[in-house]
file final-v6.cif (mmCIF, C-alpha atoms, pLDDT in the B column; chains and numbers go by the auth columns)
data_target
#
loop_
_atom_site.group_PDB
_atom_site.id
_atom_site.type_symbol
_atom_site.label_atom_id
_atom_site.label_comp_id
_atom_site.label_asym_id
_atom_site.label_seq_id
_atom_site.Cartn_x
_atom_site.Cartn_y
_atom_site.Cartn_z
_atom_site.B_iso_or_equiv
_atom_site.auth_seq_id
_atom_site.auth_asym_id
ATOM 1 C CA MET A 1 -5.878 26.900 3.812 52.00 523 A
ATOM 2 C CA THR A 2 -8.333 29.605 4.819 61.00 524 A
ATOM 3 C CA ALA A 3 -9.601 29.901 8.376 74.00 525 A
ATOM 4 C CA ILE A 4 -13.210 28.909 9.047 85.00 526 A
ATOM 5 C CA PRO A 5 -15.503 29.473 12.018 90.00 527 A
ATOM 6 C CA ALA A 6 -15.290 27.181 15.028 94.00 528 A
ATOM 7 C CA TYR A 7 -17.856 24.382 15.012 95.00 529 A
ATOM 8 C CA HIS A 8 -20.179 25.997 17.567 92.00 530 A
ATOM 9 C CA GLU A 9 -20.291 29.184 15.461 93.00 531 A
ATOM 10 C CA TRP A 10 -20.746 27.365 12.158 92.00 532 A
ATOM 11 C CA ARG A 11 -23.550 25.104 13.332 92.00 533 A
ATOM 12 C CA ALA A 12 -25.663 28.066 14.477 91.00 534 A
ATOM 13 C CA THR A 13 -26.315 29.024 10.854 90.00 535 A
ATOM 14 C CA ALA A 14 -25.724 25.742 8.987 87.00 536 A
ATOM 15 C CA ALA A 15 -28.551 23.993 7.154 89.00 537 A
ATOM 16 C CA ASP A 16 -27.075 20.658 8.254 90.00 538 A
ATOM 17 C CA PRO A 17 -25.309 21.065 11.627 93.00 539 A
ATOM 18 C CA ALA A 18 -23.662 17.606 11.560 96.00 540 A
ATOM 19 C CA PHE A 19 -20.039 17.665 12.698 97.00 541 A
ATOM 20 C CA THR A 20 -18.909 15.830 9.555 98.00 542 A
ATOM 21 C CA GLU A 21 -20.622 18.430 7.376 97.00 543 A
ATOM 22 C CA TRP A 22 -18.591 21.112 9.136 97.00 544 A
ATOM 23 C CA LEU A 23 -15.440 19.126 8.375 98.00 545 A
ATOM 24 C CA ARG A 24 -16.401 18.460 4.758 97.00 546 A
ATOM 25 C CA SER A 25 -17.346 22.067 4.036 96.00 547 A
ATOM 26 C CA ALA A 26 -14.052 23.222 5.552 96.00 548 A
ATOM 27 C CA ALA A 27 -12.132 20.883 3.247 97.00 549 A
ATOM 28 C CA GLU A 28 -13.332 22.671 0.100 97.00 550 A
ATOM 29 C CA PRO A 29 -12.226 23.101 -2.612 97.00 551 A
ATOM 30 C CA ASP A 30 -10.096 19.977 -2.174 98.00 552 A
ATOM 31 C CA TRP A 31 -13.090 17.812 -1.292 98.00 553 A
ATOM 32 C CA SER A 32 -14.989 18.484 -4.513 98.00 554 A
ATOM 33 C CA ALA A 33 -11.748 18.256 -6.476 98.00 555 A
ATOM 34 C CA VAL A 34 -11.337 14.662 -5.249 98.00 556 A
ATOM 35 C CA ILE A 35 -14.940 13.640 -5.924 98.00 557 A
ATOM 36 C CA ASP A 36 -14.926 15.139 -9.427 98.00 558 A
ATOM 37 C CA HIS A 37 -11.277 14.514 -10.240 98.00 559 A
ATOM 38 C CA PRO A 38 -10.516 13.773 -13.906 98.00 560 A
ATOM 39 C CA PHE A 39 -8.676 10.600 -12.883 98.00 561 A
ATOM 40 C CA ALA A 40 -11.734 9.379 -10.952 98.00 562 A
ATOM 41 C CA THR A 41 -13.852 10.137 -13.999 98.00 563 A
ATOM 42 C CA ALA A 42 -11.426 8.124 -16.126 98.00 564 A
ATOM 43 C CA ILE A 43 -11.791 5.155 -13.749 98.00 565 A
ATOM 44 C CA ILE A 44 -15.577 5.377 -14.016 98.00 566 A
ATOM 45 C CA ARG A 45 -15.332 5.388 -17.806 97.00 567 A
ATOM 46 C CA GLY A 46 -12.868 2.504 -17.849 98.00 568 A
ATOM 47 C CA GLU A 47 -10.212 4.727 -19.430 98.00 569 A
ATOM 48 C CA ALA A 48 -7.742 5.297 -16.573 98.00 570 A
ATOM 49 C CA ASP A 49 -4.225 3.896 -16.724 97.00 571 A
ATOM 50 C CA MET A 50 -4.341 2.130 -13.353 98.00 572 A
ATOM 51 C CA ARG A 51 -0.795 0.770 -13.114 97.00 573 A
ATOM 52 C CA ARG A 52 0.968 3.613 -11.302 97.00 574 A
ATOM 53 C CA TYR A 53 -2.114 4.393 -9.250 98.00 575 A
ATOM 54 C CA LEU A 54 -2.619 0.832 -7.953 97.00 576 A
ATOM 55 C CA VAL A 55 1.086 0.256 -7.361 97.00 577 A
ATOM 56 C CA GLN A 56 1.044 3.301 -5.077 97.00 578 A
ATOM 57 C CA ASP A 57 -2.346 2.561 -3.481 96.00 579 A
ATOM 58 C CA PHE A 58 -1.148 -0.937 -2.599 94.00 580 A
ATOM 59 C CA GLN A 59 1.498 0.683 -0.391 94.00 581 A
ATOM 60 C CA PHE A 60 -1.294 1.798 1.945 94.00 582 A
ATOM 61 C CA VAL A 61 -2.722 -1.640 2.704 90.00 583 A
ATOM 62 C CA ASP A 62 -0.517 -2.412 5.710 91.00 584 A
ATOM 63 C CA SER A 63 -0.739 1.055 7.292 94.00 585 A
ATOM 64 C CA PHE A 64 -4.491 1.242 6.657 95.00 586 A
ATOM 65 C CA THR A 65 -4.964 -2.182 8.257 93.00 587 A
ATOM 66 C CA ALA A 66 -2.930 -1.040 11.272 95.00 588 A
ATOM 67 C CA LEU A 67 -5.057 2.125 11.484 97.00 589 A
ATOM 68 C CA LEU A 68 -8.215 0.021 11.540 97.00 590 A
ATOM 69 C CA GLY A 69 -6.672 -2.090 14.290 96.00 591 A
ATOM 70 C CA ALA A 70 -6.012 1.061 16.295 97.00 592 A
ATOM 71 C CA ALA A 71 -9.646 2.053 15.791 98.00 593 A
ATOM 72 C CA VAL A 72 -10.744 -1.300 17.222 97.00 594 A
ATOM 73 C CA ALA A 73 -8.455 -0.809 20.214 97.00 595 A
ATOM 74 C CA THR A 74 -9.544 2.761 20.979 98.00 596 A
ATOM 75 C CA ALA A 75 -13.291 2.620 20.176 97.00 597 A
ATOM 76 C CA GLU A 76 -15.586 3.397 23.072 92.00 598 A
ATOM 77 C CA SER A 77 -18.014 0.467 22.883 95.00 599 A
ATOM 78 C CA PHE A 78 -18.209 -3.185 21.920 96.00 600 A
ATOM 79 C CA GLU A 79 -20.671 -2.361 19.132 96.00 601 A
ATOM 80 C CA SER A 80 -18.206 0.062 17.557 97.00 602 A
ATOM 81 C CA ARG A 81 -15.306 -2.368 17.948 97.00 603 A
ATOM 82 C CA ALA A 82 -17.342 -5.136 16.317 96.00 604 A
ATOM 83 C CA ARG A 83 -18.367 -2.941 13.382 96.00 605 A
ATOM 84 C CA ILE A 84 -14.804 -1.847 12.692 97.00 606 A
ATOM 85 C CA GLY A 85 -13.556 -5.389 13.212 94.00 607 A
ATOM 86 C CA ARG A 86 -15.905 -6.744 10.554 92.00 608 A
ATOM 87 C CA PHE A 87 -14.558 -4.273 8.022 92.00 609 A
ATOM 88 C CA LEU A 88 -10.993 -5.017 9.075 91.00 610 A
ATOM 89 C CA GLY A 89 -11.683 -8.673 8.343 86.00 611 A
ATOM 90 C CA GLN A 90 -12.785 -7.793 4.818 80.00 612 A
ATOM 91 C CA ILE A 91 -9.597 -5.829 4.171 79.00 613 A
ATOM 92 C CA ALA A 92 -7.383 -8.604 5.512 74.00 614 A
ATOM 93 C CA ALA A 93 -9.268 -11.315 3.621 69.00 615 A
ATOM 94 C CA ASP A 94 -9.254 -11.895 -0.118 67.00 616 A
ATOM 95 C CA THR A 95 -11.894 -9.273 -0.954 69.00 617 A
ATOM 96 C CA GLU A 96 -9.616 -6.242 -1.407 82.00 618 A
ATOM 97 C CA ARG A 97 -6.235 -7.914 -1.045 81.00 619 A
ATOM 98 C CA GLY A 98 -7.173 -10.418 -3.725 87.00 620 A
ATOM 99 C CA TYR A 99 -8.208 -7.611 -6.052 92.00 621 A
ATOM 100 C CA PHE A 100 -4.794 -5.966 -5.742 92.00 622 A
ATOM 101 C CA HIS A 101 -2.989 -9.207 -6.499 91.00 623 A
ATOM 102 C CA ARG A 102 -5.103 -9.947 -9.586 94.00 624 A
ATOM 103 C CA ALA A 103 -5.068 -6.364 -10.875 96.00 625 A
ATOM 104 C CA LEU A 104 -1.367 -5.737 -10.368 95.00 626 A
ATOM 105 C CA THR A 105 -0.516 -9.060 -11.978 95.00 627 A
ATOM 106 C CA ALA A 106 -2.713 -8.235 -14.966 96.00 628 A
ATOM 107 C CA LEU A 107 -0.993 -4.853 -15.254 96.00 629 A
ATOM 108 C CA GLY A 108 2.430 -6.466 -15.199 94.00 630 A
ATOM 109 C CA ALA A 109 3.368 -4.722 -11.967 93.00 631 A
ATOM 110 C CA GLY A 110 3.409 -7.519 -9.392 79.00 632 A
ATOM 111 C CA THR A 111 2.985 -7.058 -5.626 78.00 633 A
ATOM 112 C CA GLY A 112 6.615 -6.734 -4.578 78.00 634 A
ATOM 113 C CA PRO A 113 8.099 -3.666 -2.867 80.00 635 A
ATOM 114 C CA ALA A 114 7.790 -0.435 -4.851 88.00 636 A
ATOM 115 C CA LYS A 115 9.311 2.991 -4.367 93.00 637 A
ATOM 116 C CA PRO A 116 6.661 5.273 -2.842 95.00 638 A
ATOM 117 C CA GLU A 117 5.911 8.548 -4.573 97.00 639 A
ATOM 118 C CA PRO A 118 6.357 11.641 -2.342 98.00 640 A
ATOM 119 C CA VAL A 119 2.587 11.996 -1.807 98.00 641 A
ATOM 120 C CA THR A 120 2.391 8.304 -0.882 98.00 642 A
ATOM 121 C CA GLU A 121 5.112 8.772 1.718 98.00 643 A
ATOM 122 C CA GLU A 122 3.284 11.776 3.167 98.00 644 A
ATOM 123 C CA PHE A 123 0.027 9.842 3.377 98.00 645 A
ATOM 124 C CA LEU A 124 1.765 6.858 4.997 98.00 646 A
ATOM 125 C CA SER A 125 3.327 9.200 7.558 98.00 647 A
ATOM 126 C CA LEU A 126 -0.065 10.751 8.286 98.00 648 A
ATOM 127 C CA MET A 127 -1.656 7.328 8.829 98.00 649 A
ATOM 128 C CA ASP A 128 1.185 6.141 11.054 97.00 650 A
ATOM 129 C CA GLU A 129 1.226 9.391 13.044 97.00 651 A
ATOM 130 C CA THR A 130 -2.518 9.087 13.607 98.00 652 A
ATOM 131 C CA ARG A 131 -2.269 5.419 14.594 98.00 653 A
ATOM 132 C CA ARG A 132 0.456 6.167 17.131 97.00 654 A
ATOM 133 C CA SER A 133 -1.709 8.874 18.709 98.00 655 A
ATOM 134 C CA GLN A 134 -4.129 6.159 19.911 97.00 656 A
ATOM 135 C CA ARG A 135 -6.861 8.813 19.895 98.00 657 A
ATOM 136 C CA TYR A 136 -10.134 7.525 18.524 98.00 658 A
ATOM 137 C CA PRO A 137 -11.443 10.857 17.126 98.00 659 A
ATOM 138 C CA LEU A 138 -8.250 11.375 15.108 98.00 660 A
ATOM 139 C CA ILE A 139 -8.232 7.797 13.842 98.00 661 A
ATOM 140 C CA LEU A 140 -11.875 8.151 12.806 98.00 662 A
ATOM 141 C CA THR A 141 -11.050 11.358 10.983 98.00 663 A
ATOM 142 C CA VAL A 142 -8.461 9.791 8.665 98.00 664 A
ATOM 143 C CA LEU A 143 -10.637 6.736 8.068 98.00 665 A
ATOM 144 C CA CYS A 144 -13.616 8.948 7.282 98.00 666 A
ATOM 145 C CA VAL A 145 -11.733 11.030 4.712 98.00 667 A
ATOM 146 C CA ALA A 146 -10.296 7.968 2.975 98.00 668 A
ATOM 147 C CA GLU A 147 -13.596 6.119 2.747 98.00 669 A
ATOM 148 C CA TRP A 148 -16.064 8.968 2.289 98.00 670 A
ATOM 149 C CA THR A 149 -14.150 10.561 -0.592 98.00 671 A
ATOM 150 C CA TYR A 150 -13.937 7.211 -2.356 98.00 672 A
ATOM 151 C CA LEU A 151 -17.638 6.590 -1.882 98.00 673 A
ATOM 152 C CA GLY A 152 -18.195 10.056 -3.339 98.00 674 A
ATOM 153 C CA TRP A 153 -16.394 9.511 -6.619 98.00 675 A
ATOM 154 C CA ALA A 154 -17.297 5.819 -7.036 98.00 676 A
ATOM 155 C CA SER A 155 -20.991 6.543 -6.485 97.00 677 A
ATOM 156 C CA ARG A 156 -20.917 8.724 -9.598 97.00 678 A
ATOM 157 C CA ALA A 157 -20.526 5.595 -11.731 97.00 679 A
ATOM 158 C CA GLU A 158 -23.546 4.512 -13.753 94.00 680 A
ATOM 159 C CA PHE A 159 -24.431 1.092 -15.105 93.00 681 A
ATOM 160 C CA PRO A 160 -23.173 -0.627 -17.086 95.00 682 A
ATOM 161 C CA LEU A 161 -19.825 -0.440 -15.331 97.00 683 A
ATOM 162 C CA PRO A 162 -16.613 -0.825 -17.352 98.00 684 A
ATOM 163 C CA GLU A 163 -15.955 -4.304 -18.740 97.00 685 A
ATOM 164 C CA ASN A 164 -12.345 -4.380 -17.579 97.00 686 A
ATOM 165 C CA PHE A 165 -12.337 -5.911 -14.090 97.00 687 A
ATOM 166 C CA ILE A 166 -9.531 -3.578 -12.999 98.00 688 A
ATOM 167 C CA HIS A 167 -11.839 -0.566 -13.270 98.00 689 A
ATOM 168 C CA ARG A 168 -15.142 -2.329 -12.547 98.00 690 A
ATOM 169 C CA GLU A 169 -14.150 -4.085 -9.330 97.00 691 A
ATOM 170 C CA TRP A 170 -12.363 -1.007 -7.971 98.00 692 A
ATOM 171 C CA ILE A 171 -15.610 0.920 -8.390 98.00 693 A
ATOM 172 C CA GLU A 172 -17.616 -1.919 -6.816 96.00 694 A
ATOM 173 C CA LEU A 173 -15.288 -2.081 -3.810 95.00 695 A
ATOM 174 C CA HIS A 174 -16.007 1.589 -3.063 97.00 696 A
ATOM 175 C CA SER A 175 -19.730 1.872 -3.771 97.00 697 A
ATOM 176 C CA GLY A 176 -22.986 0.056 -3.127 95.00 698 A
ATOM 177 C CA PRO A 177 -25.083 -0.372 0.027 96.00 699 A
ATOM 178 C CA GLU A 178 -22.478 -2.235 2.089 94.00 700 A
ATOM 179 C CA PHE A 179 -19.706 0.293 1.568 96.00 701 A
ATOM 180 C CA ALA A 180 -22.167 3.197 1.970 97.00 702 A
ATOM 181 C CA GLY A 181 -23.206 1.675 5.304 97.00 703 A
ATOM 182 C CA TRP A 182 -19.585 1.561 6.429 97.00 704 A
ATOM 183 C CA VAL A 183 -19.090 5.220 5.547 98.00 705 A
ATOM 184 C CA ALA A 184 -22.334 6.097 7.337 98.00 706 A
ATOM 185 C CA PHE A 185 -21.016 4.348 10.453 98.00 707 A
ATOM 186 C CA LEU A 186 -17.775 6.361 10.372 98.00 708 A
ATOM 187 C CA ARG A 187 -19.685 9.590 9.928 98.00 709 A
ATOM 188 C CA ASP A 188 -22.146 8.702 12.686 98.00 710 A
ATOM 189 C CA GLU A 189 -19.258 8.049 15.077 98.00 711 A
ATOM 190 C CA LEU A 190 -17.664 11.413 14.284 98.00 712 A
ATOM 191 C CA ASP A 191 -21.038 13.169 14.434 98.00 713 A
ATOM 192 C CA ARG A 192 -21.574 11.652 17.884 97.00 714 A
ATOM 193 C CA ILE A 193 -18.117 12.333 19.302 97.00 715 A
ATOM 194 C CA GLY A 194 -17.151 15.570 17.569 98.00 716 A
ATOM 195 C CA PRO A 195 -19.586 17.925 19.317 97.00 717 A
ATOM 196 C CA THR A 196 -18.435 16.624 22.743 97.00 718 A
ATOM 197 C CA LEU A 197 -14.796 17.561 22.135 98.00 719 A
ATOM 198 C CA GLY A 198 -13.261 20.751 23.419 97.00 720 A
ATOM 199 C CA GLU A 199 -12.687 23.527 20.904 96.00 721 A
ATOM 200 C CA GLY A 200 -8.961 22.784 20.745 96.00 722 A
ATOM 201 C CA ASP A 201 -9.567 19.110 19.973 97.00 723 A
ATOM 202 C CA GLN A 202 -12.187 20.040 17.369 97.00 724 A
ATOM 203 C CA ALA A 203 -9.655 22.310 15.694 96.00 725 A
ATOM 204 C CA GLU A 204 -7.130 19.439 15.678 98.00 726 A
ATOM 205 C CA VAL A 205 -9.679 17.121 14.051 98.00 727 A
ATOM 206 C CA LEU A 206 -10.480 19.805 11.488 97.00 728 A
ATOM 207 C CA ASP A 207 -6.828 20.325 10.611 97.00 729 A
ATOM 208 C CA LEU A 208 -6.304 16.570 10.183 98.00 730 A
ATOM 209 C CA PHE A 209 -9.430 16.243 8.021 98.00 731 A
ATOM 210 C CA ARG A 210 -8.241 19.025 5.734 97.00 732 A
ATOM 211 C CA ARG A 211 -4.707 17.626 5.521 98.00 733 A
ATOM 212 C CA ALA A 212 -6.001 14.162 4.614 98.00 734 A
ATOM 213 C CA THR A 213 -8.360 15.558 1.977 98.00 735 A
ATOM 214 C CA ALA A 214 -5.571 17.594 0.394 98.00 736 A
ATOM 215 C CA LEU A 215 -3.446 14.442 0.219 98.00 737 A
ATOM 216 C CA GLU A 216 -6.289 12.543 -1.468 98.00 738 A
ATOM 217 C CA ARG A 217 -6.405 15.250 -4.119 98.00 739 A
ATOM 218 C CA ARG A 218 -2.649 15.179 -4.612 98.00 740 A
ATOM 219 C CA PHE A 219 -2.712 11.389 -4.860 98.00 741 A
ATOM 220 C CA PHE A 220 -5.148 11.565 -7.773 98.00 742 A
ATOM 221 C CA ASP A 221 -3.028 14.337 -9.297 98.00 743 A
ATOM 222 C CA MET A 222 -0.010 12.021 -9.099 98.00 744 A
ATOM 223 C CA ALA A 223 -1.926 9.182 -10.747 98.00 745 A
ATOM 224 C CA ALA A 224 -3.084 11.433 -13.571 96.00 746 A
ATOM 225 C CA ALA A 225 0.358 12.911 -14.285 92.00 747 A
#
call {"tool": "encode", "arguments": {"input": "final-v6.cif", "output": "structure tokens"}}
result
Amino acid sequence: MTAIPAYHEWRATAADPAFTEWLRSAAEPDWSAVIDHPFATAIIRGEADMRRYLVQDFQFVDSFTALLGAAVATAESFESRARIGRFLGQIAADTERGYFHRALTALGAGTGPAKPEPVTEEFLSLMDETRRSQRYPLILTVLCVAEWTYLGWASRAEFPLPENFIHREWIELHSGPEFAGWVAFLRDELDRIGPTLGEGDQAEVLDLFRRATALERRFFDMAAA
């Protein structure tokens, strides 16, 4: 990955000086490759073979839930804890978990243990490493990449959405006003906290953001292979 200017240098000339814009721009070309990935396009068109993809994505549910729990524990205010907690409740309830069970059953995959692909293992390790850090800015960073990239590709979908519920509901889970509001919250938190960090901590956040984005790209590459 190429070196980029420190945040204080970048923001002096940036059209949008938001901390998350610095992170996103530094994650190119991987960021755009995720948003415009051929596999994401295939989901939008209802043409993607979702079996391998969902089997692997389901492996993240426990670690992602634990990461959200760590965000609740390390957030700096009750309002932030409550906002994250509401989303955590949606993940733990039947909204997303129920989708996985219905979709994997329909695909003949089931919800039992599955062997993780190498990129899945790397992503799980990244989530667990970040959770164990108990550092709110780092936890926010991984959450922001995971959710913002998915909002990016899913928001490309146009109506009518695919008839097959496996494609349609996956798009719906990652688009629309409610999910966009959740992503906006994550970005707002990073935009608030990021500029207050020391340059070393900002560089650590940047490195984690870029690593997570590269893994998102590789995960789609795996699904498309």
call {"tool": "closest_residue", "arguments": {"input": "final-v6.cif", "among": "A:Ala625, A:Ala525, A:Arg653, A:Ala540", "to": "Glu691 (chain A)", "atoms": "all atoms listed in the file"}}
result
A:Ala625
call {"tool": "closest_residue", "arguments": {"input": "final-v6.cif", "among": "A:Asp538, A:Glu618, A:Glu738, A:Glu721", "to": "Glu669 (chain A)", "atoms": "all atoms listed in the file"}}
result
A:Glu738
call {"tool": "closest_residue", "arguments": {"input": "final-v6.cif", "among": "A:Ser585, A:Thr542, A:Thr652, A:Ser697", "to": "Leu730 (chain A)", "atoms": "only C-alpha atoms"}}
result
A:Thr652
call {"tool": "residues_around", "arguments": {"input": "final-v6.cif", "residues": "Glu651 (chain A)", "least_positions_apart": "4", "cutoff": "10 Å", "atoms": "all atoms listed in the file", "output": "list in words"}}
result
Leu589, Phe645, Leu646, Ser647, Ser655, Gln656, Leu660 and Ile661 of chain A
call {"tool": "residues_around", "arguments": {"input": "final-v6.cif", "residues": "region 631-643 of chain A", "least_positions_apart": "2", "cutoff": "9 Å", "atoms": "only C-alpha atoms", "output": "compact mmCIF listing (two decimals) with C-alpha atoms, in the frame of the given file"}}
result
# COMPACT_ATOMS: atom_id res chain seq x y z
CA ARG A 573 -0.80 0.77 -13.11
CA ARG A 574 0.97 3.61 -11.30
CA VAL A 577 1.09 0.26 -7.36
CA GLN A 578 1.04 3.30 -5.08
CA ASP A 579 -2.35 2.56 -3.48
CA PHE A 580 -1.15 -0.94 -2.60
CA GLN A 581 1.50 0.68 -0.39
CA PHE A 582 -1.29 1.80 1.94
CA PHE A 622 -4.79 -5.97 -5.74
CA HIS A 623 -2.99 -9.21 -6.50
CA ARG A 624 -5.10 -9.95 -9.59
CA ALA A 625 -5.07 -6.36 -10.88
CA LEU A 626 -1.37 -5.74 -10.37
CA THR A 627 -0.52 -9.06 -11.98
CA ALA A 628 -2.71 -8.24 -14.97
CA LEU A 629 -0.99 -4.85 -15.25
CA PHE A 645 0.03 9.84 3.38
CA LEU A 646 1.76 6.86 5.00
CA SER A 647 3.33 9.20 7.56
CA LEU A 648 -0.06 10.75 8.29
CA LEU A 737 -3.45 14.44 0.22
CA GLU A 738 -6.29 12.54 -1.47
CA ARG A 740 -2.65 15.18 -4.61
CA PHE A 741 -2.71 11.39 -4.86
CA MET A 744 -0.01 12.02 -9.10
call {"tool": "resolve_selection", "arguments": {"input": "final-v6.cif", "expression": "the PyMOL selection byres ((chain A and resi 560) around 12)", "output": "ChimeraX atom specification"}}
result
/A:554-559,561-567,569-570,675,739,742-747
call {"tool": "residues_around", "arguments": {"input": "final-v6.cif", "residues": "Val664 (chain A)", "least_positions_apart": "4", "cutoff": "7 Å", "atoms": "only C-alpha atoms", "output": "PyMOL selection string"}}
result
chain A and resi 660+668+731+734
call {"tool": "resolve_selection", "arguments": {"input": "final-v6.cif", "expression": "the PyMOL selection byres ((chain A and resi 724) around 10)", "output": "ChimeraX atom specification"}}
result
/A:528-530,541,545,659-660,715-723,725-730
call {"tool": "atom_distance", "arguments": {"input": "final-v6.cif", "atom1": "CA of Gly630 (chain A)", "atom2": "CA of Tyr575 (chain A)"}}
result
13.2 Å
call {"tool": "closest_residue", "arguments": {"input": "final-v6.cif", "among": "A:Arg709, A:His696, A:Arg733, A:His689", "to": "Gly568 (chain A)", "atoms": "all atoms listed in the file"}}
result
A:His689
call {"tool": "residues_around", "arguments": {"input": "final-v6.cif", "residues": "region 605-616 of chain A", "least_positions_apart": "5", "cutoff": "7 Å", "atoms": "all atoms listed in the file", "output": "PyMOL selection string"}}
result
chain A and resi 587+590+594
call {"tool": "axis_aligned_box", "arguments": {"input": "final-v6.cif", "around": "region 660-667 of chain A", "padding_each_side": "6 Å", "output": "lines of an AutoDock Vina configuration file"}}
result
center_x = -10.9
center_y = 9.1
center_z = 9.9
size_x = 17.4
size_y = 16.6
size_z = 22.4
call {"tool": "atom_distance", "arguments": {"input": "final-v6.cif", "atom1": "CA of Glu685 (chain A)", "atom2": "CA of Glu700 (chain A)"}}
result
21.9 Å
call {"tool": "closest_residue", "arguments": {"input": "final-v6.cif", "among": "A:Ala549, A:Ala706, A:Met572, A:Ala534", "to": "Phe687 (chain A)", "atoms": "all atoms listed in the file"}}
result
A:Met572
call {"tool": "atom_distance", "arguments": {"input": "final-v6.cif", "atom1": "CA of Thr671 (chain A)", "atom2": "CA of Asp552 (chain A)"}}
result
10.4 Å
call {"tool": "resolve_selection", "arguments": {"input": "final-v6.cif", "expression": "the PyMOL selection byres ((chain A and resi 677) around 9)", "output": "compact mmCIF listing (two decimals) with C-alpha atoms, in the frame of the given file"}}
result
# COMPACT_ATOMS: atom_id res chain seq x y z
CA TYR A 672 -13.94 7.21 -2.36
CA LEU A 673 -17.64 6.59 -1.88
CA GLY A 674 -18.20 10.06 -3.34
CA TRP A 675 -16.39 9.51 -6.62
CA ALA A 676 -17.30 5.82 -7.04
CA ARG A 678 -20.92 8.72 -9.60
CA ALA A 679 -20.53 5.60 -11.73
CA GLU A 680 -23.55 4.51 -13.75
CA ILE A 693 -15.61 0.92 -8.39
CA HIS A 696 -16.01 1.59 -3.06
CA SER A 697 -19.73 1.87 -3.77
CA GLY A 698 -22.99 0.06 -3.13
call {"tool": "decode", "arguments": {"input": "final-v6.cif", "residues": "region 691-739 of chain A", "atoms": "C-alpha atoms", "output": "short mmCIF file (atom, residue, chain, number, x, y, z; two decimals), in the first residue's frame"}}
result
data_model
loop_
_atom_site.label_atom_id
_atom_site.label_comp_id
_atom_site.auth_asym_id
_atom_site.auth_seq_id
_atom_site.Cartn_x
_atom_site.Cartn_y
_atom_site.Cartn_z
CA GLU A 691 -33.33 -9.38 1.41
CA TRP A 692 -29.53 -9.25 1.51
CA ILE A 693 -29.71 -5.98 -0.41
CA GLU A 694 -32.49 -4.68 1.85
CA LEU A 695 -30.52 -5.51 4.99
CA HIS A 696 -27.67 -3.29 3.78
CA SER A 697 -29.50 -0.32 2.28
CA GLY A 698 -32.38 2.03 3.01
CA PRO A 699 -32.75 4.89 5.49
CA GLU A 700 -32.31 2.84 8.67
CA PHE A 701 -29.07 1.20 7.61
CA ALA A 702 -27.81 4.49 6.10
CA GLY A 703 -28.49 6.14 9.47
CA TRP A 704 -26.43 3.48 11.23
CA VAL A 705 -23.51 4.04 8.87
CA ALA A 706 -23.83 7.80 9.34
CA PHE A 707 -23.60 7.29 13.11
CA LEU A 708 -20.39 5.25 12.76
CA ARG A 709 -18.87 7.85 10.49
CA ASP A 710 -19.93 10.70 12.77
CA GLU A 711 -18.26 8.97 15.72
CA LEU A 712 -15.01 8.52 13.80
CA ASP A 713 -15.21 12.07 12.42
CA ARG A 714 -15.60 13.34 15.99
CA ILE A 715 -12.89 11.23 17.60
CA GLY A 716 -10.34 10.89 14.80
CA PRO A 717 -9.09 14.49 14.71
CA THR A 718 -8.48 14.40 18.50
CA LEU A 719 -6.11 11.43 18.29
CA GLY A 720 -2.37 11.79 18.23
CA GLU A 721 -0.64 11.31 14.89
CA GLY A 722 0.55 7.83 15.86
CA ASP A 723 -2.97 6.71 16.78
CA GLN A 724 -4.34 8.23 13.57
CA ALA A 725 -1.79 6.24 11.59
CA GLU A 726 -2.86 3.07 13.43
CA VAL A 727 -6.52 3.74 12.59
CA LEU A 728 -5.56 4.37 8.97
CA ASP A 729 -3.62 1.13 8.72
CA LEU A 730 -6.53 -0.84 10.21
CA PHE A 731 -9.03 0.83 7.86
CA ARG A 732 -6.92 -0.08 4.83
CA ARG A 733 -6.37 -3.65 6.03
CA ALA A 734 -10.10 -4.17 6.59
CA THR A 735 -10.98 -2.72 3.19
CA ALA A 736 -8.46 -4.97 1.45
CA LEU A 737 -10.02 -7.97 3.21
CA GLU A 738 -13.50 -6.92 2.05
CA ARG A 739 -12.21 -6.89 -1.51
#
